[in-house]
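Novice: My structure is in data.cif, and what it holds is mmCIF, C-alpha atoms:
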data_data
loop_
_atom_site.label_atom_id
_atom_site.label_comp_id
_atom_site.auth_asym_id
_atom_site.auth_seq_id
_atom_site.Cartn_x
_atom_site.Cartn_y
_atom_site.Cartn_z
CA MET A 79 123.00 16.67 108.31
CA ARG A 80 120.76 18.51 110.72
CA VAL A 81 122.08 20.99 113.26
CA THR A 82 119.56 22.11 115.83
CA GLY A 83 121.23 25.26 117.11
CA PRO A 84 124.43 27.21 117.69
CA GLU A 85 125.64 24.53 120.11
CA GLY A 86 126.14 22.08 117.25
CA PRO A 87 127.13 19.27 117.03
CA TRP A 88 129.85 20.86 114.92
CA HIS A 89 132.39 18.03 115.04
CA ARG A 90 130.18 16.10 112.61
CA VAL A 91 130.17 19.05 110.22
CA ARG A 92 133.96 19.39 110.50
CA ASP A 93 134.40 15.64 110.01
CA ALA A 94 132.25 15.71 106.88
CA VAL A 95 134.29 18.52 105.36
CA ALA A 96 137.55 16.88 106.39
CA HIS A 97 136.40 13.64 104.76
CA SER A 98 134.75 14.83 101.56
CA GLY A 99 135.54 18.52 101.30
CA SER A 100 131.86 19.49 101.35
CA VAL A 101 128.82 19.43 103.60
CA VAL A 102 125.13 20.22 103.37
CA VAL A 103 123.58 21.27 106.67
CA HIS A 104 119.92 21.85 107.37
CA GLY A 105 118.06 23.31 110.29
CA GLN A 106 114.57 24.30 111.28
CA LEU A 107 113.60 27.94 111.56
CA ASP A 108 112.56 27.64 115.20
CA ASP A 109 115.90 26.08 116.13
CA TRP A 110 117.80 29.09 114.83
CA LEU A 111 115.41 31.88 115.65
CA PRO A 112 116.67 34.17 118.43
CA ALA A 113 114.17 34.76 121.22
CA ASP A 114 114.32 38.51 120.68
CA LEU A 115 114.60 39.81 117.12
CA ASP A 116 115.26 43.28 118.49
CA SER A 117 118.13 42.23 120.71
CA PRO A 118 121.24 44.41 120.30
CA ARG A 119 123.27 41.18 120.31
CA LEU A 120 122.12 40.61 116.74
CA ARG A 121 123.97 43.65 115.45
CA PRO A 122 127.50 42.17 115.78
CA LEU A 123 126.25 38.74 114.74
CA LEU A 124 124.72 40.01 111.51
CA GLY A 125 127.43 42.55 110.77
CA HIS A 126 126.73 44.45 107.56
CA ASP A 127 123.51 42.46 107.10
CA TYR A 128 122.07 44.23 110.15
CA ALA A 129 121.20 47.39 108.21
CA ARG A 130 119.13 45.39 105.74
CA PHE A 131 117.59 43.33 108.55
CA GLU A 132 116.60 46.49 110.41
CA LYS A 133 114.58 47.76 107.44
CA MET A 134 112.53 44.59 107.01
CA ALA A 135 108.89 45.08 107.90
CA HIS A 136 107.43 41.57 107.96
CA HIS A 137 108.12 39.45 111.02
CA ALA A 138 108.27 36.28 108.90
CA VAL A 139 110.85 37.81 106.56
CA ARG A 140 112.96 39.10 109.46
CA ALA A 141 112.80 35.73 111.21
CA ARG A 142 113.81 33.81 108.09
CA PHE A 143 116.60 36.27 107.32
CA VAL A 144 118.23 36.24 110.73
CA ALA A 145 117.84 32.48 111.29
CA SER A 146 119.30 31.60 107.89
CA ARG A 147 122.26 33.95 108.35
CA LEU A 148 122.98 32.58 111.79
CA LEU A 149 122.98 29.03 110.47
CA LEU A 150 125.19 30.02 107.55
CA LYS A 151 127.67 31.87 109.76
CA HIS A 152 127.84 29.08 112.31
CA VAL A 153 128.48 26.47 109.63
CA ALA A 154 131.22 28.58 108.05
CA CYS A 155 132.73 29.35 111.43
CA ALA A 156 132.72 25.71 112.46
CA ILE A 157 134.90 25.00 109.45
CA VAL A 158 137.24 27.96 109.71
CA GLU A 159 137.35 27.81 113.50
CA ALA A 160 136.36 31.41 114.06
CA ALA A 161 133.68 33.20 116.03
CA PRO A 162 130.50 34.11 114.10
CA GLU A 163 130.98 37.79 114.89
CA THR A 164 134.32 37.76 113.10
CA VAL A 165 133.07 36.45 109.77
CA GLU A 166 131.37 38.96 107.49
CA LEU A 167 128.92 37.81 104.84
CA ALA A 168 128.91 39.69 101.58
CA TYR A 169 126.97 39.23 98.38
CA LYS A 170 127.99 38.97 94.76
CA PRO A 171 125.88 40.51 92.00
CA GLY A 172 122.73 38.41 91.90
CA GLY A 173 122.72 37.88 95.65
CA ARG A 174 125.11 34.95 96.01
CA PRO A 175 126.58 35.02 99.55
CA TYR A 176 130.24 34.56 100.36
CA ALA A 177 132.36 34.82 103.46
CA ARG A 178 134.47 37.91 103.01
CA GLY A 179 138.17 37.17 103.16
CA LEU A 180 137.73 33.39 103.25
CA ASP A 181 138.42 32.63 99.63
CA GLN A 182 138.91 28.88 99.97
CA ILE A 183 135.41 28.02 101.00
CA ASP A 184 132.30 28.45 98.89
CA ILE A 185 128.88 28.68 100.49
CA SER A 186 125.27 28.52 99.35
CA LEU A 187 122.03 29.23 101.14
CA SER A 188 118.43 28.22 100.60
CA HIS A 189 115.20 28.12 102.56
CA THR A 190 111.67 26.99 102.03
CA ASP A 191 108.77 26.73 104.42
CA THR A 192 110.52 26.32 107.82
CA LEU A 193 113.60 24.60 106.42
CA LEU A 194 116.98 26.35 106.32
CA LEU A 195 119.71 24.89 104.15
CA VAL A 196 123.42 25.63 103.87
CA GLY A 197 126.00 24.11 101.55
CA LEU A 198 129.73 24.57 102.07
CA THR A 199 132.66 23.27 100.08
CA ARG A 200 136.39 23.77 99.98
CA ARG A 201 136.68 21.94 96.66
CA GLY A 202 135.25 24.59 94.32
CA TRP A 203 131.68 25.86 93.98
CA ILE A 204 128.49 24.69 95.60
CA GLY A 205 124.81 25.46 95.12
CA VAL A 206 121.92 24.14 97.20
CA ASP A 207 118.18 24.41 96.89
CA ALA A 208 115.16 23.08 98.77
CA GLU A 209 111.47 22.88 98.04
CA LEU A 210 108.46 21.15 99.53
CA THR A 211 108.20 17.87 97.65
CA ASP A 212 104.46 18.23 97.22
CA ARG A 213 104.52 21.87 96.16
CA PRO A 214 102.19 22.11 93.16
CA MET A 215 104.22 22.94 90.06
CA LEU A 216 102.75 20.77 87.37
CA GLY A 217 100.05 22.25 85.16
CA LEU A 218 100.75 25.84 86.23
CA GLY A 219 102.83 26.76 83.22
CA THR A 220 106.01 26.23 85.21
CA GLU A 221 107.08 23.11 83.33
CA ASN A 222 107.31 25.18 80.16
CA GLN A 223 109.65 27.58 81.98
CA VAL A 224 111.68 24.80 83.60
CA CYS A 225 111.98 21.83 81.25
CA THR A 226 114.00 21.15 78.13
CA PRO A 227 112.34 19.17 75.34
CA HIS A 228 114.21 16.11 76.59
CA GLU A 229 112.91 16.62 80.12
CA HIS A 230 109.36 17.07 78.82
CA ARG A 231 109.61 13.66 77.18
CA LEU A 232 111.03 12.05 80.32
CA LEU A 233 108.43 13.68 82.57
CA ALA A 234 105.64 12.35 80.37
CA GLU A 235 106.91 8.83 81.08
CA VAL A 236 106.77 9.31 84.86
CA PRO A 237 103.59 7.90 86.46
CA GLU A 238 101.15 10.73 87.03
CA GLU A 239 101.18 10.42 90.82
CA ARG A 240 104.97 11.02 90.85
CA ARG A 241 105.19 13.55 88.04
CA ASN A 242 104.87 16.68 90.18
CA SER A 243 107.57 15.54 92.60
CA ALA A 244 109.79 14.71 89.60
CA LEU A 245 109.33 18.29 88.39
CA VAL A 246 110.16 19.60 91.88
CA ARG A 247 113.36 17.53 91.76
CA LEU A 248 114.32 19.05 88.39
CA TRP A 249 113.56 22.51 89.72
CA THR A 250 115.78 22.12 92.78
CA LEU A 251 118.60 20.67 90.67
CA LYS A 252 118.42 23.61 88.28
CA GLU A 253 118.28 26.13 91.09
CA ALA A 254 121.24 24.47 92.82
CA TYR A 255 123.29 24.37 89.61
CA SER A 256 122.51 27.97 88.69
CA LYS A 257 123.43 29.10 92.21
CA ALA A 258 126.70 27.19 92.02
CA ILE A 259 127.69 28.94 88.80
CA GLY A 260 126.54 32.26 90.23
CA GLN A 261 123.74 32.91 87.80
CA GLY A 262 120.62 32.52 89.93
CA MET A 263 117.78 32.36 87.43
CA ARG A 264 119.52 34.71 85.02
CA PHE A 265 119.32 32.36 82.09
CA ARG A 266 116.46 30.18 81.07
CA PHE A 267 116.12 26.84 82.81
CA THR A 268 115.04 25.42 79.46
CA GLU A 269 118.61 25.84 78.19
CA PHE A 270 120.03 23.00 80.28
CA GLY A 271 118.60 19.86 81.79
CA PHE A 272 119.03 16.81 83.96
CA GLY A 273 118.29 13.15 83.50
CA PRO A 274 116.08 10.83 85.52
CA GLN A 275 116.79 9.88 89.10
CA ASP A 276 117.89 6.30 88.43
CA ARG A 277 121.26 7.12 86.88
CA PRO A 278 124.23 9.39 87.68
CA VAL A 279 123.05 12.97 87.38
CA GLN A 280 124.83 15.35 85.03
CA VAL A 281 123.95 18.53 83.18
CA LEU A 282 122.41 17.81 79.80
CA ARG A 283 121.87 19.93 76.71
CA PRO A 284 118.26 20.60 75.72
CA ASP A 285 118.33 17.55 73.43
CA GLY A 286 119.51 15.30 76.28
CA SER A 287 123.15 14.98 75.22
CA PRO A 288 125.83 15.44 77.92
CA GLY A 289 126.62 19.07 78.75
CA THR A 290 129.21 18.77 81.53
CA GLY A 291 131.76 16.22 82.66
CA ASP A 292 132.90 14.59 85.89
CA GLU A 293 133.86 17.90 87.48
CA TRP A 294 130.22 18.37 88.43
CA THR A 295 128.34 16.14 90.86
CA PHE A 296 124.71 16.42 91.87
CA HIS A 297 122.78 14.98 94.76
CA THR A 298 119.08 15.05 95.56
CA PHE A 299 117.72 13.80 98.85
CA ARG A 300 114.66 14.00 101.04
CA VAL A 301 114.80 15.93 104.32
CA ASP A 302 112.33 15.59 107.19
CA GLY A 303 110.10 13.48 104.96
CA LYS A 304 108.68 16.44 103.07
CA TYR A 305 111.45 18.50 101.51
CA THR A 306 113.32 17.81 98.29
CA VAL A 307 116.87 19.08 98.61
CA SER A 308 119.42 19.24 95.79
CA ALA A 309 123.09 20.11 95.84
CA ALA A 310 125.36 20.89 92.89
CA LEU A 311 129.09 20.68 93.43
CA PHE A 312 131.86 21.76 91.08
CA ASP A 313 135.25 20.29 91.87
CA ALA A 314 137.78 22.90 90.80
CA GLY A 315 140.66 20.58 91.64
CA PHE A 316 141.65 22.53 94.72
CA GLY A 317 142.73 19.23 96.23
CA ASP A 318 142.51 18.13 99.79
CA THR A 319 142.91 21.29 101.83
CA SER A 320 142.82 19.82 105.30
CA ASP A 321 143.70 23.02 107.13
CA THR A 322 140.72 25.32 106.87
CA ALA A 323 141.27 27.42 109.95
CA ALA A 324 140.69 31.12 109.38
CA ALA A 325 144.28 31.98 110.13
CA THR A 326 145.33 29.78 107.22
CA MET A 327 142.54 30.67 104.82
CA LEU A 328 142.34 34.42 105.07
CA ASP A 329 142.82 36.03 101.71
CA LEU A 330 146.36 37.37 101.58
CA GLY A 331 145.21 40.58 99.95
CA LEU A 332 142.82 41.18 102.81
CA ILE A 333 145.54 40.52 105.36
CA ASP A 334 147.80 42.97 103.54
CA ALA A 335 145.05 45.58 103.54
CA LEU A 336 144.37 45.08 107.24
CA VAL A 337 148.01 45.19 108.17
CA ASP A 338 148.80 48.15 105.92
CA GLY A 339 145.83 50.10 107.19
CA GLU A 340 144.77 49.82 110.76
CA PHE A 341 147.71 48.06 112.40
CA ALA A 342 150.49 49.76 110.49
CA ASP A 343 149.11 53.14 111.46
CA SER A 344 148.54 52.42 115.12
CA ALA A 345 151.49 50.20 115.89
CA GLY A 346 154.11 51.77 113.75
CA GLY A 347 154.06 48.88 111.31
CA VAL A 348 153.86 45.22 112.13
CA ARG A 349 155.06 43.61 108.92
CA MET B 214 98.27 44.84 81.40
CA LEU B 215 97.88 48.52 82.08
CA SER B 216 99.57 48.96 85.44
CA VAL B 217 101.58 47.27 88.15
CA ASP B 218 98.40 47.26 90.29
CA VAL B 219 96.73 45.10 87.67
CA LEU B 220 99.77 42.83 87.67
CA ILE B 221 99.58 42.44 91.45
CA ALA B 222 95.88 41.64 91.26
CA ARG B 223 96.55 39.00 88.61
CA VAL B 224 99.40 37.53 90.69
CA ASN B 225 97.17 37.29 93.75
CA GLU B 226 94.45 35.65 91.71
CA GLU B 227 96.75 33.16 89.97
CA PHE B 228 99.12 32.32 92.83
CA GLY B 229 96.65 32.48 95.71
CA ILE B 230 98.67 34.99 97.71
CA GLY B 231 97.80 38.35 99.22
CA LEU B 232 100.11 41.05 97.92
CA GLN B 233 99.08 44.65 98.46
CA PRO B 234 99.47 47.53 95.99
CA ALA B 235 102.07 48.97 98.36
CA ASP B 236 104.19 45.86 97.78
CA ALA B 237 104.96 47.05 94.24
CA ASP B 238 108.17 48.76 95.34
CA VAL B 239 109.27 46.31 98.04
CA ASP B 240 112.41 44.27 97.37
CA LEU B 241 111.25 40.80 96.36
CA ALA B 242 113.47 39.24 99.02
CA ASP B 243 111.50 41.15 101.63
CA LEU B 244 108.06 39.95 100.53
CA ALA B 245 106.88 37.37 103.03
CA GLU B 246 105.00 35.23 100.54
CA TRP B 247 107.41 35.46 97.63
CA ASP B 248 110.01 32.95 96.44
CA SER B 249 111.78 31.80 93.29
CA VAL B 250 108.92 29.58 92.16
CA HIS B 251 106.64 32.62 92.24
CA LEU B 252 109.17 34.50 90.15
CA LEU B 253 109.22 31.73 87.58
CA ARG B 254 105.43 31.67 87.49
CA LEU B 255 105.38 35.44 87.10
CA VAL B 256 107.57 35.18 84.00
CA ALA B 257 105.15 32.57 82.62
CA LEU B 258 102.16 34.77 83.48
CA LEU B 259 103.66 37.86 81.85
CA GLU B 260 104.65 35.96 78.71
CA HIS B 261 101.14 34.58 78.46
CA GLU B 262 99.47 37.95 79.03
CA LEU B 263 101.80 39.84 76.69
CA ASP B 264 101.98 37.01 74.16
CA ARG B 265 105.71 37.31 73.72
CA VAL B 266 108.92 35.85 75.06
CA LEU B 267 110.51 38.11 77.66
CA PRO B 268 114.21 38.78 78.25
CA VAL B 269 114.63 36.66 81.38
CA HIS B 270 117.86 38.36 82.39
CA ASP B 271 116.12 41.74 82.65
CA ILE B 272 113.12 40.33 84.47
CA ILE B 273 115.11 38.31 86.98
CA GLY B 274 117.50 41.18 87.57
CA ALA B 275 114.64 43.44 88.62
CA ARG B 276 114.27 43.67 92.39
CA SER B 277 110.61 44.66 92.74
CA LEU B 278 107.29 43.92 91.09
CA ARG B 279 107.21 47.43 89.67
CA ALA B 280 110.68 46.97 88.17
CA ILE B 281 109.63 43.61 86.70
CA TRP B 282 106.49 45.13 85.25
CA ALA B 283 108.50 47.99 83.76
CA ALA B 284 111.08 45.61 82.27
CA ALA B 285 108.31 43.51 80.74
CA MET B 286 106.57 46.56 79.29
CA GLU B 287 109.79 47.90 77.81
CA SER B 288 110.80 44.62 76.17
#
I'd like the structure from this file rewritten - as structure tokens, please.

Specialist:
Amino acid sequence: MRVTGPEGPWHRVRDAVAHSGSVVVHGQLDDWLPADLDSPRLRPLLGHDYARFEKMAHHAVRARFVASRLLLKHVACAIVEAAPETVELAYKPGGRPYARGLDQIDISLSHTDTLLLVGLTRRGWIGVDAELTDRPMLGLGTENQVCTPHEHRLLAEVPEERRNSALVRLWTLKEAYSKAIGQGMRFRFTEFGFGPQDRPVQVLRPDGSPGTGDEWTFHTFRVDGKYTVSAALFDAGFGDTSDTAAATMLDLGLIDALVDGEFADSAGGVR
Amino acid sequence: MLSVDVLIARVNEEFGIGLQPADADVDLADLAEWDSVHLLRLVALLEHELDRVLPVHDIIGARSLRAIWAAAMES
């Protein structure tokens, strides 16, 4: 669903997560771009990301960075019912973002052109990816880096006028899946594949045989008429956690550390 | 491929973008025109130019064009 700015509507995002456990939210760069990229108000909003943001030289890179983080933080905060300034983004090796201390939600971020994309789940892991549907990929050597032998055969059967967009779909599915498992592009995309669009999507081995089971679900959809968006979702069997407020979801170890450190020292112990 | 400058020139030529020699040491995430499709195409370009399969993990783990070039040369 599209969210056009910090004002929401967030009830739809909360309803989606309450209903299905997951949500994919998209926004446009201009909707999330602060009027002043040098405003001191960005420092608390970006938290630890501010140091990296401050060093960025290109306006386009800075704009994309701040807008995507604001969207991501607002989506996460809508679910955990916290203020954006209170949620700190951190990054796992490979660049995968997570909300520090909120260990029961998983988040994923993507952007392309002017589209910003955020996936959030409380069911397990999520990965999202977006690409312009008409981005040229075919005939540039990319299909040899992306496709399994099985996918090569299937692509050859796709009418020529739809073949490039079919490759873009495969690409976004592979990116989304590799983000969900925390690998980025760290293993070859030719080592796993996906089937055609007209049947339930699952991960396939290079020869086309099934590679994963029902714990994984995949969705590909069109956004704003020109973007191909894919989401990969792993259901870890966390069940239906209906209470996702920050007070409930804060990692107990983090709470212990906070209480043992700052509060215990200043207030003579609060436990 | 003798240097990272040559690599950047080849990337500009093949991908139709305008990287500068000074971009060699910039974090890829901070390059305005760069994204994951470019990275994939760069792997394809390097494998074609060097006529060998590259260790994708090392290439993808590199954070700049110079680091990618170095990883490709060392492989």

Novice: Should the cut-off be 8 Å, what would the residue list for chain B against chain A look like, counting only C-alpha atoms, as a PDB file with C-alpha atoms, keeping the file's coordinate frame?

Specialist:
ATOM      1  CA  ASP B 243     111.500  41.150 101.630  1.00  0.00           C
ATOM      2  CA  LEU B 244     108.060  39.950 100.530  1.00  0.00           C
ATOM      3  CA  ALA B 245     106.880  37.370 103.030  1.00  0.00           C
ATOM      4  CA  LEU B 253     109.220  31.730  87.580  1.00  0.00           C
ATOM      5  CA  ARG B 254     105.430  31.670  87.490  1.00  0.00           C
ATOM      6  CA  ALA B 257     105.150  32.570  82.620  1.00  0.00           C
ATOM      7  CA  VAL B 269     114.630  36.660  81.380  1.00  0.00           C
ATOM      8  CA  HIS B 270     117.860  38.360  82.390  1.00  0.00           C
ATOM      9  CA  ILE B 273     115.110  38.310  86.980  1.00  0.00           C
ATOM     10  CA  GLY B 274     117.500  41.180  87.570  1.00  0.00           C
TER      11      GLY B 274
END

Novice: Using only C-alpha atoms for the distances, tell me which of B:Leu263, B:Ile230, B:Ala280, B:Ala235 is nearest to B:Asp248.

Specialist: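 Closest residue, counting only C-alpha atoms: B:Ile230.
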
Novice: Do you have the atom CA of A:Val301-atom CA of A:Leu193 distance handy?

Specialist: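 Atom CA of A:Val301 sits 9.0 Å away from atom CA of A:Leu193.
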
Novice: Just how far from atom CA of A:Tyr176 is atom CA of A:Gly99, in Å to one decimal?

Specialist: 16.9 Å

Novice: Mind checking which residues fall within 12 Å of A:Trp110, counting only C-alpha atoms, ignoring those fewer than 5 positions away in the same chain, and posting them as JSON, numbers by chain?

Specialist: {"A": [80, 81, 82, 83, 84, 85, 86, 104, 105, 115, 141, 142, 143, 144, 145, 146, 147, 148, 149, 150, 151, 152, 192, 193, 194, 195]}
